[in-house]
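A.B. asks: Sharing input39.cif, mmCIF, C-alpha atoms:
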data_work
#
loop_
_atom_site.label_atom_id
_atom_site.label_comp_id
_atom_site.auth_asym_id
_atom_site.auth_seq_id
_atom_site.Cartn_x
_atom_site.Cartn_y
_atom_site.Cartn_z
CA MET A 1 54.95 86.53 -149.09
CA SER A 2 52.71 87.89 -146.38
CA GLU A 3 49.63 89.50 -147.86
CA CYS A 4 47.19 91.72 -146.08
CA ILE A 5 43.78 90.67 -147.36
CA SER A 6 41.22 93.31 -146.51
CA SER A 7 39.14 92.10 -143.58
CA TRP A 8 36.07 93.41 -145.45
CA VAL A 9 36.89 91.32 -148.52
CA ARG A 10 37.75 88.30 -146.39
CA ARG A 11 34.43 88.59 -144.55
CA TYR A 12 32.12 88.98 -147.56
CA ALA A 13 33.90 87.11 -150.39
CA PRO A 14 32.27 83.81 -149.31
CA LEU A 15 28.89 85.30 -150.31
CA ILE A 16 29.92 85.49 -153.98
CA PRO A 17 28.09 82.74 -155.88
CA GLY A 18 29.94 80.42 -158.23
CA GLY A 19 31.25 82.12 -161.32
CA GLU A 20 33.76 84.61 -162.58
CA VAL A 21 34.91 87.46 -160.33
CA LEU A 22 36.42 90.80 -161.32
CA ASP A 23 39.19 92.26 -159.17
CA LEU A 24 39.19 95.86 -160.39
CA ALA A 25 42.43 97.85 -159.96
CA CYS A 26 43.91 94.65 -158.58
CA GLY A 27 47.40 95.91 -157.85
CA SER A 28 49.71 93.00 -157.06
CA GLY A 29 46.76 90.62 -156.75
CA ARG A 30 46.27 90.02 -153.03
CA HIS A 31 42.49 89.82 -153.47
CA ALA A 32 42.66 88.03 -156.83
CA ARG A 33 44.65 85.22 -155.18
CA HIS A 34 42.21 85.10 -152.26
CA LEU A 35 39.24 84.84 -154.65
CA ALA A 36 40.99 82.17 -156.74
CA ALA A 37 41.60 80.22 -153.52
CA LEU A 38 37.81 80.31 -153.03
CA ASP A 39 37.51 78.50 -156.39
CA HIS A 40 36.50 81.49 -158.50
CA ALA A 41 37.84 82.18 -161.95
CA VAL A 42 39.26 85.70 -161.52
CA VAL A 43 39.77 88.50 -164.01
CA ALA A 44 42.36 90.84 -162.49
CA VAL A 45 42.45 94.29 -164.11
CA ASP A 46 45.04 97.01 -163.59
CA ARG A 47 46.92 99.52 -165.71
CA ASP A 48 50.33 98.62 -164.25
CA PRO A 49 52.02 95.74 -166.10
CA ALA A 50 54.43 95.09 -163.22
CA ALA A 51 51.53 94.76 -160.77
CA LEU A 52 49.72 92.44 -163.17
CA ALA A 53 52.82 90.25 -163.47
CA ALA A 54 52.75 89.90 -159.68
CA ALA A 55 48.99 89.22 -159.72
CA ALA A 56 49.18 86.41 -162.29
CA GLY A 57 48.64 82.89 -161.04
CA PRO A 58 46.45 79.80 -161.20
CA GLY A 59 42.81 80.70 -161.81
CA ILE A 60 43.65 84.35 -162.55
CA VAL A 61 43.48 85.98 -165.97
CA THR A 62 45.16 89.38 -165.96
CA SER A 63 44.16 92.25 -168.22
CA GLU A 64 46.10 95.48 -168.65
CA VAL A 65 43.54 98.25 -169.07
CA ASP A 66 43.86 101.94 -168.27
CA LEU A 67 40.25 102.72 -167.42
CA GLU A 68 41.09 106.36 -166.83
CA ALA A 69 42.49 107.04 -170.31
CA ASP A 70 40.62 109.71 -172.26
CA ASP A 71 39.28 107.15 -174.74
CA ALA A 72 38.65 104.42 -172.15
CA VAL A 73 35.56 102.27 -172.56
CA TRP A 74 34.34 99.78 -169.96
CA PRO A 75 35.60 96.48 -171.38
CA PHE A 76 33.05 94.07 -169.90
CA GLY A 77 29.49 93.29 -170.89
CA PRO A 78 26.40 93.30 -168.69
CA GLY A 79 25.73 90.47 -166.27
CA ARG A 80 29.17 88.86 -166.67
CA PHE A 81 30.49 88.66 -163.11
CA ALA A 82 29.27 86.74 -160.07
CA GLY A 83 31.26 89.19 -157.99
CA ILE A 84 33.19 92.42 -158.30
CA VAL A 85 35.80 93.42 -155.73
CA VAL A 86 37.24 96.93 -155.58
CA THR A 87 39.61 98.20 -152.90
CA ASN A 88 41.52 101.47 -152.65
CA TYR A 89 40.28 102.70 -156.02
CA LEU A 90 37.68 105.20 -157.19
CA HIS A 91 36.93 106.41 -160.69
CA ARG A 92 33.34 107.60 -160.70
CA PRO A 93 32.79 107.44 -164.49
CA LEU A 94 33.11 103.62 -164.23
CA LEU A 95 30.61 102.98 -161.49
CA ALA A 96 27.40 102.55 -163.51
CA SER A 97 29.03 100.26 -166.10
CA MET A 98 30.75 98.31 -163.34
CA VAL A 99 27.46 97.59 -161.56
CA ASP A 100 25.85 96.63 -164.89
CA SER A 101 28.53 93.94 -165.26
CA LEU A 102 27.24 92.15 -162.16
CA ALA A 103 25.17 89.01 -162.75
CA ALA A 104 21.53 89.09 -161.63
CA ASN A 105 22.59 87.37 -158.37
CA GLY A 106 26.00 89.06 -158.17
CA VAL A 107 27.83 90.53 -155.20
CA LEU A 108 29.68 93.87 -155.09
CA ILE A 109 32.37 94.27 -152.44
CA TYR A 110 33.76 97.80 -152.38
CA GLU A 111 36.15 99.46 -149.94
CA THR A 112 38.02 102.69 -150.51
CA PHE A 113 39.03 106.00 -149.03
CA ALA A 114 36.47 108.57 -147.96
CA ASP A 115 36.25 112.29 -147.38
CA GLY A 116 38.30 113.12 -144.30
CA ASN A 117 41.23 110.90 -145.29
CA ALA A 118 43.46 113.94 -145.88
CA GLN A 119 44.10 114.10 -142.13
CA PHE A 120 45.83 110.72 -142.44
CA GLY A 121 47.77 111.42 -145.65
CA LYS A 122 47.13 110.37 -149.23
CA PRO A 123 44.88 110.16 -151.04
CA SER A 124 43.69 113.65 -150.19
CA ASN A 125 42.30 114.75 -153.57
CA PRO A 126 38.47 114.85 -153.36
CA ALA A 127 38.29 113.17 -156.79
CA PHE A 128 39.60 110.00 -155.11
CA LEU A 129 37.57 110.22 -151.89
CA LEU A 130 34.01 109.02 -151.44
CA GLN A 131 31.57 111.56 -150.07
CA ALA A 132 29.46 110.67 -147.01
CA GLY A 133 27.12 107.83 -147.91
CA GLU A 134 28.21 107.77 -151.57
CA LEU A 135 28.39 103.97 -151.77
CA LEU A 136 24.89 103.76 -150.28
CA GLU A 137 23.67 106.11 -153.02
CA LEU A 138 25.36 103.90 -155.62
CA ALA A 139 23.50 100.89 -154.25
CA ARG A 140 20.17 102.73 -154.18
CA ASP A 141 20.59 104.19 -157.66
CA HIS A 142 21.32 100.74 -159.12
CA GLU A 143 18.74 98.81 -157.08
CA LEU A 144 21.33 96.83 -155.15
CA ARG A 145 20.35 95.36 -151.80
CA VAL A 146 22.81 96.39 -149.07
CA VAL A 147 24.13 93.50 -147.00
CA ALA A 148 26.59 95.62 -145.03
CA PHE A 149 27.92 99.18 -144.97
CA GLU A 150 30.51 100.92 -142.84
CA GLU A 151 31.99 104.39 -142.85
CA GLY A 152 34.67 105.61 -140.50
CA VAL A 153 38.29 105.42 -139.41
CA VAL A 154 40.34 102.24 -139.61
CA GLU A 155 43.72 101.74 -137.94
CA ALA A 156 45.09 98.95 -140.14
CA PRO A 157 46.88 98.46 -142.43
CA LYS A 158 47.36 102.21 -141.81
CA PRO A 159 45.06 104.86 -140.31
CA ALA A 160 42.55 106.00 -142.92
CA MET A 161 38.98 107.21 -143.41
CA VAL A 162 37.12 104.59 -145.45
CA GLN A 163 33.75 103.55 -146.74
CA ARG A 164 32.88 99.89 -147.24
CA LEU A 165 29.92 98.27 -148.95
CA CYS A 166 28.76 94.76 -149.62
CA ALA A 167 25.67 94.82 -151.82
CA VAL A 168 23.89 92.28 -153.99
CA LYS A 169 21.76 92.29 -157.12
CA GLN A 170 18.06 91.60 -156.69
CA ASP A 171 18.23 87.89 -157.62
CA PHE A 172 20.71 87.13 -154.85
CA PRO A 173 18.74 84.90 -152.43
CA ARG A 174 18.29 86.50 -149.02
CA VAL A 175 19.03 83.20 -147.29
CA ALA A 176 22.41 83.05 -149.04
CA ALA A 177 23.55 86.15 -147.13
CA LEU A 178 24.76 84.03 -144.24
CA LEU A 179 26.80 86.50 -142.25
CA PRO A 180 29.93 85.32 -140.47
CA PRO A 181 30.32 86.17 -136.78
CA PHE A 182 32.34 89.21 -135.80
#
Mind turning the file's structure into structure tokens?
C.D. replies:
Amino acid sequence: MSECISSWVRRYAPLIPGGEVLDLACGSGRHARHLAALDHAVVAVDRDPAALAAAAGPGIVTSEVDLEADDAVWPFGPGRFAGIVVTNYLHRPLLASMVDSLAANGVLIYETFADGNAQFGKPSNPAFLLQAGELLELARDHELRVVAFEEGVVEAPKPAMVQRLCAVKQDFPRVAALLPPF
């Protein structure tokens, strides 16, 4: 099975310190498997049981949760995860609780669609598109230190307007942010 690991996730996942990692809205588990291969215990969350069945594997605990249900409550406590990875998913009511679940030295890797994506197809609903600089605001509002940020058009795996962020909690040592070459 050929899997397209996000180049953003591939680049910044090595910064995640030892510990448990959350793959939020994991889909079929391409990033969960990549993180498990980096020796992390992974919690893979999605609302689709078929996707979770595909995501299951060594080092991966799957959890079926519909975080967008009317009565949904963020299921994880504060400071639990060494890393949180989110790709192609946005549900704004979760963001504050999600960041609170990062350990004091944790790493957030986030990549999803941004305003302007409608010209390339779906998603086109503004509820699912980040506004200009929105991930930077998230980092600032939650006192995360930005390691890297990008906003613009990508050509692969399909043309899209995206925003990408890698940010760390305040206890993440600056010298640990060893950036790989381009």
A.B. asks: Name the residues, using the chain letters and numbers of the file, that sit within 8 Å of (22.7, 91.2, -155.8) when counting only C-alpha atoms, and give them as a PDB file with C-alpha atoms, keeping the file's coordinate frame.
C.D. replies:
ATOM      1  CA  LEU A 102      27.240  92.150-162.160  1.00  0.00           C
ATOM      2  CA  ALA A 103      25.170  89.010-162.750  1.00  0.00           C
ATOM      3  CA  ALA A 104      21.530  89.090-161.630  1.00  0.00           C
ATOM      4  CA  ASN A 105      22.590  87.370-158.370  1.00  0.00           C
ATOM      5  CA  GLY A 106      26.000  89.060-158.170  1.00  0.00           C
ATOM      6  CA  VAL A 107      27.830  90.530-155.200  1.00  0.00           C
ATOM      7  CA  LEU A 108      29.680  93.870-155.090  1.00  0.00           C
ATOM      8  CA  LEU A 144      21.330  96.830-155.150  1.00  0.00           C
ATOM      9  CA  ARG A 145      20.350  95.360-151.800  1.00  0.00           C
ATOM     10  CA  ALA A 167      25.670  94.820-151.820  1.00  0.00           C
ATOM     11  CA  VAL A 168      23.890  92.280-153.990  1.00  0.00           C
ATOM     12  CA  LYS A 169      21.760  92.290-157.120  1.00  0.00           C
ATOM     13  CA  GLN A 170      18.060  91.600-156.690  1.00  0.00           C
ATOM     14  CA  ASP A 171      18.230  87.890-157.620  1.00  0.00           C
ATOM     15  CA  PHE A 172      20.710  87.130-154.850  1.00  0.00           C
TER      16      PHE A 172
END
A.B. asks: Considering all atoms listed in the file, can you say which of A:Leu15, A:Leu95, A:Ile5, A:Ala114 comes closest to Ala148 (chain A)?
C.D. replies: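 Under the stated criterion, the closest residue is A:Leu15.
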A.B. asks: Using only C-alpha atoms, can you tell me which of A:Ala127, A:Cys26, A:Cys166, A:Val99 comes closest to Val61 (chain A)?
C.D. replies: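 So, comparing all the options, the nearest one is A:Cys26.
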A.B. asks: With all atoms listed in the file as the atoms that count, which of A:Ser28, A:Gly83, A:Glu143, A:Asp115 lies nearest to Tyr12 (chain A)?
C.D. replies: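 Residue with the minimum atom-to-atom distance to Tyr12 (chain A): A:Gly83.
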A.B. asks: Selected by the PyMOL selection byres ((chain A and resi 120) around 8) in the shown coordinates: which residues, as a PDB file with C-alpha atoms, keeping the file's coordinate frame?
C.D. replies:
ATOM      1  CA  ASN A 117      41.230 110.900-145.290  1.00  0.00           C
ATOM      2  CA  ALA A 118      43.460 113.940-145.880  1.00  0.00           C
ATOM      3  CA  GLN A 119      44.100 114.100-142.130  1.00  0.00           C
ATOM      4  CA  GLY A 121      47.770 111.420-145.650  1.00  0.00           C
ATOM      5  CA  LYS A 122      47.130 110.370-149.230  1.00  0.00           C
ATOM      6  CA  PRO A 159      45.060 104.860-140.310  1.00  0.00           C
ATOM      7  CA  ALA A 160      42.550 106.000-142.920  1.00  0.00           C
ATOM      8  CA  MET A 161      38.980 107.210-143.410  1.00  0.00           C
TER       9      MET A 161
END
